[in-house]
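run-v7.cif follows (mmCIF, C-alpha atoms and all ligand atoms):
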data_protein
#
loop_
_atom_site.label_atom_id
_atom_site.label_comp_id
_atom_site.auth_asym_id
_atom_site.auth_seq_id
_atom_site.Cartn_x
_atom_site.Cartn_y
_atom_site.Cartn_z
CA MET M 1 16.75 2.74 1.16
CA SER M 2 17.59 6.37 0.58
CA GLN M 3 14.73 8.71 -0.14
CA HIS M 4 16.99 11.12 -2.04
CA ASP M 5 15.44 12.19 -5.34
CA ARG M 6 18.22 11.57 -7.84
CA THR M 7 16.24 12.42 -10.96
CA HIS M 8 14.88 15.78 -9.75
CA HIS M 9 17.32 17.79 -11.92
CA ALA M 10 16.78 15.70 -15.01
CA ARG M 11 13.03 16.14 -14.70
CA ILE M 12 13.05 19.90 -14.22
CA ALA M 13 15.64 20.47 -16.99
CA THR M 14 14.02 18.32 -19.66
CA GLY M 15 12.73 20.49 -22.49
CA LYS M 16 14.03 23.70 -20.87
CA GLY M 17 17.69 23.17 -20.09
CA ASP M 18 19.73 24.01 -17.03
CA PRO M 19 20.07 26.95 -16.02
CA GLN M 20 16.90 27.95 -17.97
CA CYS M 21 14.81 25.76 -15.65
CA PHE M 22 15.67 28.16 -12.80
CA ALA M 23 14.56 31.35 -14.62
CA GLY M 24 12.47 33.56 -12.36
CA THR M 25 13.48 31.83 -9.12
CA ALA M 26 16.00 34.37 -7.74
CA GLY M 27 13.21 36.30 -6.07
CA GLY M 28 13.87 39.61 -7.83
CA PRO M 29 15.93 41.50 -10.39
CA PRO M 30 19.74 41.34 -10.48
CA LYS M 31 21.44 43.59 -7.94
CA PHE M 32 24.27 44.56 -10.33
CA LYS M 33 24.29 45.66 -13.97
CA VAL M 34 26.86 45.61 -16.75
CA GLY M 35 29.63 48.10 -16.01
CA ASP M 36 29.22 48.05 -12.20
CA ARG M 37 32.46 47.82 -10.22
CA VAL M 38 32.40 44.92 -7.77
CA ARG M 39 34.74 43.37 -5.21
CA ILE M 40 34.88 39.60 -4.72
CA LYS M 41 34.20 38.71 -1.10
CA ASP M 42 36.53 36.37 0.74
CA MET M 43 34.03 34.06 2.43
CA PRO M 44 34.67 30.69 4.08
CA ASP M 45 34.30 27.71 1.75
CA ILE M 46 35.17 24.64 3.75
CA PHE M 47 32.72 22.32 1.96
CA TYR M 48 32.34 23.27 -1.70
CA THR M 49 32.74 26.39 -3.82
CA ARG M 50 33.38 27.42 -7.40
CA CYS M 51 34.76 30.85 -6.42
CA GLN M 52 38.47 30.71 -7.18
CA VAL M 53 40.87 31.82 -4.48
CA TYR M 54 42.80 33.95 -7.01
CA THR M 55 39.78 36.28 -7.37
CA ARG M 56 39.14 36.86 -3.64
CA GLY M 57 39.40 40.52 -2.72
CA ALA M 58 39.97 41.62 -6.32
CA VAL M 59 37.93 44.40 -7.91
CA GLY M 60 36.49 43.99 -11.42
CA GLU M 61 33.66 45.12 -13.63
CA VAL M 62 30.44 43.28 -14.46
CA ALA M 63 30.72 42.23 -18.13
CA VAL M 64 27.58 40.06 -18.50
CA VAL M 65 24.55 39.31 -16.31
CA THR M 66 24.13 35.67 -17.30
CA HIS M 67 21.24 33.80 -15.68
CA GLU M 68 19.63 32.59 -12.45
CA SER M 69 20.66 29.33 -10.83
CA PRO M 70 21.16 27.88 -7.39
CA ALA M 71 24.68 28.75 -6.21
CA PRO M 72 27.07 25.80 -6.54
CA GLU M 73 27.75 25.96 -2.79
CA ASP M 74 24.08 24.95 -2.30
CA GLU M 75 23.48 22.91 -5.42
CA ALA M 76 26.38 20.61 -4.58
CA TRP M 77 24.28 19.38 -1.64
CA GLY M 78 21.01 19.14 -3.54
CA HIS M 79 19.62 22.44 -2.26
CA VAL M 80 17.96 23.86 -5.38
CA ASP M 81 14.98 25.69 -3.90
CA LYS M 82 16.72 29.10 -3.91
CA SER M 83 18.47 30.72 -6.87
CA GLU M 84 20.78 33.70 -7.34
CA TRP M 85 21.74 35.92 -10.26
CA PHE M 86 25.07 35.13 -11.89
CA TYR M 87 27.57 37.59 -13.34
CA ILE M 88 30.63 37.33 -15.57
CA VAL M 89 33.13 39.77 -14.08
CA ARG M 90 36.10 41.18 -16.01
CA PHE M 91 39.38 41.81 -14.18
CA LYS M 92 42.56 43.46 -15.29
CA GLN M 93 45.22 40.76 -15.10
CA THR M 94 47.51 43.21 -13.29
CA ASP M 95 44.87 43.39 -10.51
CA LEU M 96 44.94 39.59 -10.06
CA TRP M 97 48.63 38.75 -10.31
CA PRO M 98 51.26 41.04 -8.78
CA GLU M 99 53.95 39.91 -11.23
CA TYR M 100 51.82 40.32 -14.39
CA PRO M 101 53.96 42.32 -16.83
CA ALA M 102 53.07 46.02 -17.09
CA ALA M 103 53.75 45.80 -20.82
CA PHE M 104 50.48 43.84 -21.09
CA ALA M 105 48.45 46.03 -18.73
CA ASN M 106 45.35 45.78 -20.95
CA ASP M 107 45.15 41.97 -20.70
CA THR M 108 42.01 40.82 -18.91
CA LEU M 109 40.44 37.73 -17.36
CA GLN M 110 36.75 36.98 -17.04
CA THR M 111 35.05 34.51 -14.76
CA GLU M 112 31.64 34.01 -13.23
CA PHE M 113 30.17 34.47 -9.74
CA SER M 114 26.85 34.09 -8.04
CA GLU M 115 25.55 37.27 -6.43
CA ARG M 116 26.52 36.29 -2.86
CA TRP M 117 30.20 36.67 -3.76
CA LEU M 118 29.95 40.28 -4.99
CA GLU M 119 29.89 43.59 -3.15
CA ALA M 120 29.54 47.04 -4.69
CA VAL M 121 32.69 49.14 -4.73
CA MET V 1 37.53 -32.21 -22.81
CA SER V 2 41.28 -32.62 -23.09
CA HIS V 3 43.64 -31.49 -20.38
CA ASP V 4 45.73 -29.33 -22.65
CA HIS V 5 42.91 -26.88 -23.48
CA ASP V 6 44.57 -24.17 -21.37
CA HIS V 7 47.46 -24.01 -23.82
CA ASN V 8 45.13 -23.39 -26.74
CA ALA V 9 42.60 -21.16 -24.99
CA PRO V 10 41.43 -18.19 -27.08
CA ALA V 11 42.93 -14.84 -26.11
CA ALA V 12 40.91 -12.95 -23.52
CA MET V 13 38.62 -10.27 -24.98
CA VAL V 14 40.12 -7.68 -22.61
CA ASP V 15 43.72 -8.12 -21.53
CA GLU V 16 43.45 -5.90 -18.53
CA ILE V 17 41.51 -2.85 -17.41
CA SER V 18 42.50 0.10 -15.28
CA ASP V 19 41.05 0.79 -11.83
CA PHE V 20 38.97 3.62 -13.31
CA GLU V 21 37.53 1.34 -15.96
CA ALA V 22 36.59 -1.19 -13.29
CA LEU V 23 34.98 1.60 -11.27
CA GLU V 24 33.03 2.83 -14.31
CA ILE V 25 31.70 -0.66 -14.99
CA ALA V 26 30.69 -1.11 -11.35
CA VAL V 27 28.87 2.24 -11.18
CA ARG V 28 27.22 1.66 -14.55
CA GLU V 29 25.93 -1.77 -13.49
CA ILE V 30 24.55 -0.40 -10.22
CA CYS V 31 22.78 2.39 -12.15
CA ILE V 32 21.24 -0.13 -14.53
CA GLU V 33 20.16 -2.38 -11.63
CA LYS V 34 18.59 0.59 -9.86
CA GLY V 35 16.79 1.60 -13.03
CA LEU V 36 18.38 5.06 -13.39
CA PHE V 37 19.02 4.18 -17.04
CA SER V 38 18.90 1.06 -19.12
CA ALA V 39 21.72 -0.81 -20.84
CA GLU V 40 20.17 0.35 -24.12
CA ASP V 41 20.27 4.01 -22.95
CA HIS V 42 23.92 3.52 -22.06
CA ARG V 43 24.77 2.04 -25.45
CA LYS V 44 23.02 4.92 -27.23
CA PHE V 45 24.73 7.52 -25.08
CA THR V 46 28.14 5.93 -25.67
CA GLU V 47 27.54 6.02 -29.43
CA PHE V 48 26.48 9.67 -29.16
CA ALA V 49 29.56 10.53 -27.11
CA GLU V 50 31.88 8.79 -29.54
CA HIS V 51 30.67 10.59 -32.65
CA ILE V 52 30.55 14.21 -31.43
CA GLY V 53 33.36 16.56 -32.47
CA PRO V 54 34.16 20.21 -33.19
CA THR V 55 32.69 20.41 -36.71
CA PRO V 56 29.32 21.96 -35.72
CA ALA V 57 31.10 24.75 -33.80
CA ALA V 58 33.47 25.33 -36.75
CA ARG V 59 30.50 25.59 -39.08
CA MET V 60 28.78 28.02 -36.69
CA VAL V 61 31.80 30.33 -36.93
CA ALA V 62 32.05 29.98 -40.71
CA LYS V 63 28.33 30.72 -41.16
CA ALA V 64 28.59 33.73 -38.85
CA TRP V 65 31.55 35.06 -40.89
CA LEU V 66 29.41 34.87 -44.03
CA ASP V 67 25.98 35.86 -42.73
CA PRO V 68 25.62 38.97 -40.51
CA GLU V 69 22.05 38.05 -39.54
CA TYR V 70 23.12 34.60 -38.37
CA LYS V 71 26.03 36.17 -36.51
CA LYS V 72 23.57 38.33 -34.53
CA LEU V 73 21.76 35.17 -33.45
CA VAL V 74 25.07 33.50 -32.53
CA MET V 75 26.02 36.44 -30.33
CA THR V 76 22.63 36.75 -28.61
CA ASP V 77 21.36 33.15 -28.44
CA ALA V 78 24.03 30.60 -29.31
CA ILE V 79 21.80 27.75 -28.14
CA ALA V 80 19.23 28.72 -30.81
CA ALA V 81 22.01 29.27 -33.37
CA SER V 82 23.31 25.74 -32.69
CA LYS V 83 20.24 24.25 -34.36
CA ALA V 84 21.34 25.64 -37.74
CA VAL V 85 24.52 23.54 -37.47
CA GLY V 86 22.71 20.39 -36.41
CA VAL V 87 23.00 20.54 -32.62
CA ASP V 88 19.82 20.58 -30.58
CA TYR V 89 21.21 21.49 -27.17
CA LEU V 90 18.03 20.53 -25.34
CA ASN V 91 17.96 17.11 -26.93
CA PRO V 92 21.46 16.52 -28.30
CA THR V 93 21.42 12.77 -28.01
CA GLY V 94 17.97 12.43 -29.51
CA PHE V 95 16.87 10.82 -26.21
CA GLY V 96 16.82 11.62 -22.52
CA THR V 97 17.83 14.91 -20.94
CA PRO V 98 20.35 17.58 -21.99
CA SER V 99 23.87 16.20 -21.69
CA ASP V 100 25.42 19.46 -20.53
CA TYR V 101 24.48 22.89 -19.24
CA THR V 102 22.66 24.91 -21.85
CA ASP V 103 24.04 28.45 -21.67
CA LEU V 104 26.45 28.68 -24.59
CA ARG V 105 28.32 31.96 -25.15
CA VAL V 106 30.43 32.90 -28.16
CA LEU V 107 33.46 35.09 -27.48
CA GLU V 108 34.08 37.27 -30.52
CA ASP V 109 37.70 38.15 -31.22
CA THR V 110 38.51 41.51 -32.76
CA PRO V 111 41.78 42.73 -34.28
CA SER V 112 42.66 44.04 -30.80
CA VAL V 113 41.25 41.38 -28.40
CA HIS V 114 42.00 37.66 -28.44
CA HIS V 115 40.00 35.24 -26.25
CA VAL V 116 41.14 31.91 -24.85
CA VAL V 117 39.11 29.50 -22.71
CA VAL V 118 40.06 27.39 -19.69
CA CYS V 119 38.31 25.87 -16.69
CA THR V 120 40.63 26.17 -13.70
CA LEU V 121 38.31 24.12 -11.48
CA CYS V 122 37.91 21.04 -13.68
CA SER V 123 37.57 21.00 -17.47
CA CYS V 124 34.16 22.51 -18.41
CA TYR V 125 33.74 22.42 -22.18
CA PRO V 126 30.77 22.76 -24.57
CA ARG V 127 30.72 19.09 -25.45
CA PRO V 128 27.50 18.88 -27.50
CA ILE V 129 28.98 21.29 -30.08
CA LEU V 130 32.73 20.73 -29.61
CA GLY V 131 33.09 17.06 -28.69
CA PHE V 132 35.32 15.87 -25.88
CA GLN V 133 38.17 17.93 -24.46
CA PRO V 134 41.68 17.32 -25.72
CA GLU V 135 43.76 15.71 -23.00
CA TRP V 136 45.88 18.85 -22.47
CA TYR V 137 42.76 20.93 -21.74
CA ARG V 138 42.16 18.73 -18.69
CA THR V 139 45.68 18.93 -17.30
CA PRO V 140 46.44 20.92 -14.15
CA ASN V 141 49.40 22.35 -16.10
CA TYR V 142 47.16 24.11 -18.66
CA ARG V 143 44.45 24.97 -16.12
CA ARG V 144 46.62 26.62 -13.54
CA ARG V 145 49.10 28.31 -15.87
CA LEU V 146 46.77 29.75 -18.53
CA VAL V 147 45.03 32.16 -16.15
CA ARG V 148 48.32 33.52 -14.83
CA TRP V 149 50.75 33.31 -17.76
CA PRO V 150 48.44 33.26 -20.79
CA ARG V 151 50.93 34.68 -23.28
CA GLN V 152 53.61 32.18 -22.32
CA VAL V 153 51.17 29.24 -22.57
CA LEU V 154 49.85 30.46 -25.94
CA ALA V 155 53.45 30.75 -27.16
CA GLU V 156 53.93 27.07 -26.25
CA PHE V 157 51.06 26.36 -28.67
CA GLY V 158 52.93 28.40 -31.31
CA LEU V 159 50.71 31.46 -30.92
CA THR V 160 52.74 34.58 -30.13
CA LEU V 161 50.51 37.62 -29.95
CA PRO V 162 51.85 41.16 -30.36
CA ALA V 163 51.54 43.54 -27.39
CA GLU V 164 48.85 45.57 -29.18
CA VAL V 165 46.51 42.55 -29.12
CA ASP V 166 44.98 42.22 -25.64
CA VAL V 167 44.59 38.68 -24.32
CA ARG V 168 41.32 37.96 -22.54
CA VAL V 169 41.19 34.67 -20.62
CA GLU V 170 37.75 33.20 -19.94
CA ASP V 171 37.80 30.97 -16.87
CA SER V 172 34.69 28.85 -17.47
CA ASN V 173 33.85 28.01 -13.86
CA GLN V 174 30.04 27.89 -13.71
CA LYS V 175 27.20 26.85 -16.03
CA CYS V 176 28.14 29.01 -19.04
CA ARG V 177 30.09 27.27 -21.80
CA PHE V 178 32.23 29.11 -24.32
CA ILE V 179 33.62 28.95 -27.82
CA VAL V 180 35.85 31.54 -29.45
CA MET V 181 34.93 33.14 -32.78
CA PRO V 182 38.27 34.18 -34.29
CA VAL V 183 38.66 37.02 -36.77
CA ARG V 184 38.22 35.74 -40.32
CA PRO V 185 41.76 35.56 -41.67
CA ALA V 186 43.05 37.37 -44.74
CA GLY V 187 43.38 35.20 -47.82
CA THR V 188 39.90 33.66 -47.47
CA GLU V 189 38.05 36.14 -49.65
CA GLY V 190 35.34 34.46 -51.71
CA TRP V 191 35.62 31.16 -49.79
CA THR V 192 32.57 28.95 -49.29
CA GLU V 193 31.15 27.94 -45.91
CA ASP V 194 32.68 24.46 -46.34
CA GLN V 195 36.12 25.90 -47.06
CA LEU V 196 35.94 28.24 -44.06
CA THR V 197 34.67 25.46 -41.76
CA GLU V 198 37.82 23.41 -42.52
CA ILE V 199 40.23 26.03 -41.15
CA VAL V 200 38.30 26.65 -37.91
CA THR V 201 39.99 23.88 -35.95
CA ARG V 202 39.21 22.77 -32.41
CA ASP V 203 42.29 24.68 -31.19
CA CYS V 204 40.94 27.88 -32.82
CA LEU V 205 37.60 27.37 -31.05
CA ILE V 206 39.34 27.08 -27.65
CA GLY V 207 41.55 30.05 -28.53
CA VAL V 208 45.01 28.47 -28.51
CA ALA V 209 45.38 28.90 -32.29
CA LEU V 210 44.27 31.27 -35.03
CA PRO V 211 42.76 30.09 -38.31
CA LYS V 212 45.09 30.17 -41.32
CA PRO V 213 44.40 29.30 -44.95
CA GLY V 214 45.88 25.87 -45.57
CA VAL V 215 45.88 24.78 -41.91
CA THR V 216 43.09 22.31 -41.20
CA SER V 217 44.44 20.31 -38.27
CA ASN V 218 45.36 20.97 -34.66
CA LEU V 219 48.93 21.45 -33.53
CA GLU V 220 50.66 18.16 -32.82
CA LEU V 221 51.95 18.57 -29.30
CA PRO V 222 55.17 16.72 -28.47
CA VAL V 223 54.69 13.56 -26.44
CA HIS V 224 57.04 13.31 -23.50
CA ARG V 225 57.74 9.65 -22.98
CA ALA V 226 57.54 8.31 -19.44
CA ALA V 227 60.98 7.87 -17.87
CA LYS V 228 59.89 4.59 -16.32
CA PRO V 229 57.14 3.24 -18.59
CA ALA V 230 54.85 0.52 -17.26
CA HIS V 231 55.27 -2.86 -18.97
CA HIS V 232 52.16 -4.96 -19.39
FE FE Q 301 35.16 22.67 -15.27
#
Could you rewrite the structure in this file as structure tokens?
Amino acid sequence: MSQHDRTHHARIATGKGDPQCFAGTAGGPPKFKVGDRVRIKDMPDIFYTRCQVYTRGAVGEVAVVTHESPAPEDEAWGHVDKSEWFYIVRFKQTDLWPEYPAAFANDTLQTEFSERWLEAV
Amino acid sequence: MSHDHDHNAPAAMVDEISDFEALEIAVREICIEKGLFSAEDHRKFTEFAEHIGPTPAARMVAKAWLDPEYKKLVMTDAIAASKAVGVDYLNPTGFGTPSDYTDLRVLEDTPSVHHVVVCTLCSCYPRPILGFQPEWYRTPNYRRRLVRWPRQVLAEFGLTLPAEVDVRVEDSNQKCRFIVMPVRPAGTEGWTEDQLTEIVTRDCLIGVALPKPGVTSNLELPVHRAAKPAHH
């Protein structure tokens, strides 16, 4: 019989919500603020990730500091004892896709990262 | 009992089920046996899941168009603002735990920026306030093409945006969930909240359409028939 606690998440999220149940568990303030330029690291991800390949190496700007949560790379395996700050980063589409038409150079794309994926530019 | 009863047997309740349906039943029964939830919980959750739809999100947008104070709440704490349209995110089913992540964000369009939402990794969607995803939202076709060729994909939905309107794609890949608040269209001056709610369709809330007076339903996408359909 497995000893894995399958209702842990449900219990900690009840009445608070997820990610709210992880507020205050990142161990400090966010490293980046809105407007900061950041580069997406290209780290190995052989098991699980939610960091899209199309963003690796691209430079964008922090648009929103969202919340604290365990990173999906840990949470996927039930490791929820450590959290990170999360950020919505805004990219220029022309910085993501080489063939994106210059006529639409102001088009943007936003997506979210945990702090481990970001480095200051 | 006569021997010809087979010829007059009542029709089976279920003709056939797919592999996924069989898998769902098997997993559900194991969960009930293990006590993770009861059959009654499952029935209640199924009823909840079958009645949710985009109307609360449409009403949130309509209310925000009419009430600047409510709009401030929508933009700063959409989970709190959901209560005014009948969705309690922390207890949406009226029982058990939250049914989705609880960080809802509203993307406000302006005359010069248009938002559209996708999840390239799966099909993340704010279900408590928007119901279940349309089938196309889950397709790899929409997911992989929208991030790269957004204007072309929007044009396939009948939405051609001029170059002076910037397109901003939101790839919803983590715990945040998103709805789009379009610009209130011209021709709706003096309209009531109910009237405005009707034109904020699901497609408008995802960002693949813009609200228009007189348009209260989603675009009917063409169905491409299978070349070799299965016969049951
Ligand atoms: Fe998803």
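The shortest atom-to-atom distance to ligand FE 301 (chain Q), with all atoms listed in the file taken into account, belongs to M:Arg50 out of M:Arg50, M:Arg39, M:His8, M:Lys31.
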Counting only C-alpha atoms, which residues of chain V sit at most 8 Å from some atom of chain M, and what is each one's closest atom pair with its distance in Å to one decimal, listed by chain and rising residue number, as a tab-separated table?
residue	atom	partner	partner_atom	distance
V:Leu90	CA	M:Gly17	CA	5.9
V:Asn91	CA	M:Gly15	CA	7.6
V:Gly96	CA	M:Thr14	CA	7.8
V:Thr97	CA	M:Thr14	CA	5.3
V:Pro98	CA	M:Gly17	CA	6.5
V:Tyr101	CA	M:Asp18	CA	5.4
V:Thr102	CA	M:Gly17	CA	5.6
V:Asp103	CA	M:Pro19	CA	7.1
V:Leu121	CA	M:Arg50	CA	7.2
V:Val147	CA	M:Leu109	CA	7.3
V:Arg148	CA	M:Trp97	CA	6.9
V:Trp149	CA	M:Tyr100	CA	7.9
V:Ala163	CA	M:Phe104	CA	6.4
V:Asp166	CA	M:Asp107	CA	4.9
V:Val167	CA	M:Asp107	CA	4.9
V:Arg168	CA	M:Thr108	CA	4.7
V:Val169	CA	M:Leu109	CA	4.5
V:Glu170	CA	M:Gln110	CA	4.9
V:Asp171	CA	M:Thr111	CA	5.0
V:Ser172	CA	M:Thr111	CA	6.3
V:Asn173	CA	M:Glu112	CA	6.4
V:Gln174	CA	M:Glu112	CA	6.3
V:Lys175	CA	M:Pro19	CA	7.1
V:Cys176	CA	M:Thr66	CA	8.0
Counting only C-alpha atoms, what is within 8 Å of Thr110 of chain V, bar same-chain residues fewer than 2 positions away, as a ChimeraX atom specification? /V:108,112-114,182-183
Using C-alpha atoms, can you export the residues from the last selection as a PDB file, keeping the file's coordinate frame?
ATOM      1  CA  GLU V 108      34.080  37.270 -30.520  1.00  0.00           C
ATOM      2  CA  SER V 112      42.660  44.040 -30.800  1.00  0.00           C
ATOM      3  CA  VAL V 113      41.250  41.380 -28.400  1.00  0.00           C
ATOM      4  CA  HIS V 114      42.000  37.660 -28.440  1.00  0.00           C
ATOM      5  CA  PRO V 182      38.270  34.180 -34.290  1.00  0.00           C
ATOM      6  CA  VAL V 183      38.660  37.020 -36.770  1.00  0.00           C
TER       7      VAL V 183
END
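Nearest residue to ligand FE 301 (chain Q), choosing from V:Pro126, V:Gly35, V:Pro92, V:Gly86 and counting all atoms listed in the file: V:Pro126.
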Counting all atoms listed in the file, select every polymer residue within 12 Å of (54.4, 33.8, -29.6) as defined in the file's coordinates, and provide the selection as a PDB file with C-alpha atoms, in the coordinates of the input.
ATOM      1  CA  PRO V 150      48.440  33.260 -20.790  1.00  0.00           C
ATOM      2  CA  ARG V 151      50.930  34.680 -23.280  1.00  0.00           C
ATOM      3  CA  GLN V 152      53.610  32.180 -22.320  1.00  0.00           C
ATOM      4  CA  VAL V 153      51.170  29.240 -22.570  1.00  0.00           C
ATOM      5  CA  LEU V 154      49.850  30.460 -25.940  1.00  0.00           C
ATOM      6  CA  ALA V 155      53.450  30.750 -27.160  1.00  0.00           C
ATOM      7  CA  GLU V 156      53.930  27.070 -26.250  1.00  0.00           C
ATOM      8  CA  PHE V 157      51.060  26.360 -28.670  1.00  0.00           C
ATOM      9  CA  GLY V 158      52.930  28.400 -31.310  1.00  0.00           C
ATOM     10  CA  LEU V 159      50.710  31.460 -30.920  1.00  0.00           C
ATOM     11  CA  THR V 160      52.740  34.580 -30.130  1.00  0.00           C
ATOM     12  CA  LEU V 161      50.510  37.620 -29.950  1.00  0.00           C
ATOM     13  CA  PRO V 162      51.850  41.160 -30.360  1.00  0.00           C
ATOM     14  CA  ALA V 163      51.540  43.540 -27.390  1.00  0.00           C
ATOM     15  CA  VAL V 165      46.510  42.550 -29.120  1.00  0.00           C
ATOM     16  CA  VAL V 208      45.010  28.470 -28.510  1.00  0.00           C
ATOM     17  CA  ALA V 209      45.380  28.900 -32.290  1.00  0.00           C
ATOM     18  CA  LEU V 210      44.270  31.270 -35.030  1.00  0.00           C
TER      19      LEU V 210
END
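The spacing separating atom CA of Arg177 of chain V from atom CA of Glu24 of chain V amounts to 25.7 Å.
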Each side padded by 8 Å, which centre and which edge lengths in Å (one decimal) define the axis-aligned box around the listed atoms of segment 67-77 of chain M? Give them as AutoDock Vina command-line options.
--center_x 23.7 --center_y 26.6 --center_z -8.7 --size_x 24.1 --size_y 30.4 --size_z 30.0
May I have the protein, DNA and RNA residues with any atom at most 7 Å from the point (21.9, 27.5, -8.0), counting all atoms listed in the file, written as a short mmCIF file (atom, residue, chain, number, x, y, z; two decimals) with C-alpha atoms, in the coordinates of the input?
data_model
loop_
_atom_site.label_atom_id
_atom_site.label_comp_id
_atom_site.auth_asym_id
_atom_site.auth_seq_id
_atom_site.Cartn_x
_atom_site.Cartn_y
_atom_site.Cartn_z
CA SER M 69 20.66 29.33 -10.83
CA PRO M 70 21.16 27.88 -7.39
CA ALA M 71 24.68 28.75 -6.21
CA PRO M 72 27.07 25.80 -6.54
CA ASP M 74 24.08 24.95 -2.30
CA GLU M 75 23.48 22.91 -5.42
CA VAL M 80 17.96 23.86 -5.38
CA LYS M 82 16.72 29.10 -3.91
CA SER M 83 18.47 30.72 -6.87
CA GLU M 84 20.78 33.70 -7.34
#
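Between atom CA of Asn218 of chain V and atom CA of Leu107 of chain V the interatomic distance comes to 19.8 Å.
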Surrounding residues of Pro54 of chain V excluding itself and chain neighbours under 2 positions, 7 Å, all atoms listed in the file, as a PDB file with C-alpha atoms, in the frame of the given file:
ATOM      1  CA  PRO V  56      29.320  21.960 -35.720  1.00  0.00           C
ATOM      2  CA  ALA V  57      31.100  24.750 -33.800  1.00  0.00           C
ATOM      3  CA  ALA V  58      33.470  25.330 -36.750  1.00  0.00           C
ATOM      4  CA  ILE V 129      28.980  21.290 -30.080  1.00  0.00           C
ATOM      5  CA  LEU V 130      32.730  20.730 -29.610  1.00  0.00           C
ATOM      6  CA  GLY V 131      33.090  17.060 -28.690  1.00  0.00           C
ATOM      7  CA  ARG V 202      39.210  22.770 -32.410  1.00  0.00           C
TER       8      ARG V 202
END
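Using only C-alpha atoms, the nearest neighbour of Asp67 of chain V within the list V:Asp109, V:Asp41, V:Glu193, V:Glu198 is V:Glu193.
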In terms of all atoms listed in the file, the residue from V:Cys122, V:Arg43, V:Asp203, V:Gln133 at minimal distance from ligand FE 301 (chain Q) is V:Cys122
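Between atom CA of Ala76 of chain M and atom CA of Tyr48 of chain M there is a distance of 7.1 Å.
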Could you check the closest approach to ligand FE 301 (chain Q) for each of V:Val85, V:Ala227, V:Ala22, V:Cys119 and tell me which residue wins, using all atoms listed in the file?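 Closest to ligand FE 301 (chain Q), using all atoms listed in the file: V:Cys119.
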Show me, as a list of chain:residue names, the residues that have an atom within 9 Å of Gly24 of chain M when counting all atoms listed in the file, minus same-chain residues fewer than 3 positions from it. M:Cys21, M:Gly27, M:Gly28, M:Pro29, M:Glu68, M:Ser83
Selection from above, C-alpha atoms, as a short mmCIF file (atom, residue, chain, number, x, y, z; two decimals), in the frame of the given file, can you write it?
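Output file out_32.cif is given in full below:
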data_model
loop_
_atom_site.label_atom_id
_atom_site.label_comp_id
_atom_site.auth_asym_id
_atom_site.auth_seq_id
_atom_site.Cartn_x
_atom_site.Cartn_y
_atom_site.Cartn_z
CA CYS M 21 14.81 25.76 -15.65
CA GLY M 27 13.21 36.30 -6.07
CA GLY M 28 13.87 39.61 -7.83
CA PRO M 29 15.93 41.50 -10.39
CA GLU M 68 19.63 32.59 -12.45
CA SER M 83 18.47 30.72 -6.87
#
Looking at only C-alpha atoms, which of M:Asp5, M:Gly60, M:Ile46, M:Phe22 is the one that sits closest to Glu119 of chain M?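 Of all the options, M:Gly60 lies closest to Glu119 of chain M.
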Incomplete segment 24-34 of chain M filled out to N, CA and C atoms as a compact mmCIF listing (two decimals), in the coordinates of the input:
# COMPACT_ATOMS: atom_id res chain seq x y z
N GLY M 24 13.54 33.00 -13.17
CA GLY M 24 12.47 33.56 -12.36
C GLY M 24 12.47 33.09 -10.91
N THR M 25 13.50 32.37 -10.48
CA THR M 25 13.48 31.83 -9.12
C THR M 25 14.46 32.54 -8.18
N ALA M 26 15.06 33.66 -8.63
CA ALA M 26 16.00 34.37 -7.74
C ALA M 26 15.27 35.33 -6.81
N GLY M 27 13.99 35.48 -6.99
CA GLY M 27 13.21 36.30 -6.07
C GLY M 27 13.29 37.79 -6.35
N GLY M 28 13.81 38.19 -7.50
CA GLY M 28 13.87 39.61 -7.83
C GLY M 28 14.85 39.87 -8.94
N PRO M 29 15.00 41.15 -9.29
CA PRO M 29 15.93 41.50 -10.39
C PRO M 29 17.37 41.41 -9.93
N PRO M 30 18.33 41.37 -10.87
CA PRO M 30 19.74 41.34 -10.48
C PRO M 30 20.15 42.62 -9.76
N LYS M 31 21.01 42.45 -8.75
CA LYS M 31 21.44 43.59 -7.94
C LYS M 31 22.46 44.46 -8.69
N PHE M 32 23.22 43.83 -9.61
CA PHE M 32 24.27 44.56 -10.33
C PHE M 32 23.94 44.58 -11.82
N LYS M 33 24.50 45.59 -12.51
CA LYS M 33 24.29 45.66 -13.97
C LYS M 33 25.66 45.75 -14.66
N VAL M 34 25.63 45.56 -15.97
CA VAL M 34 26.86 45.61 -16.75
C VAL M 34 27.56 46.94 -16.52
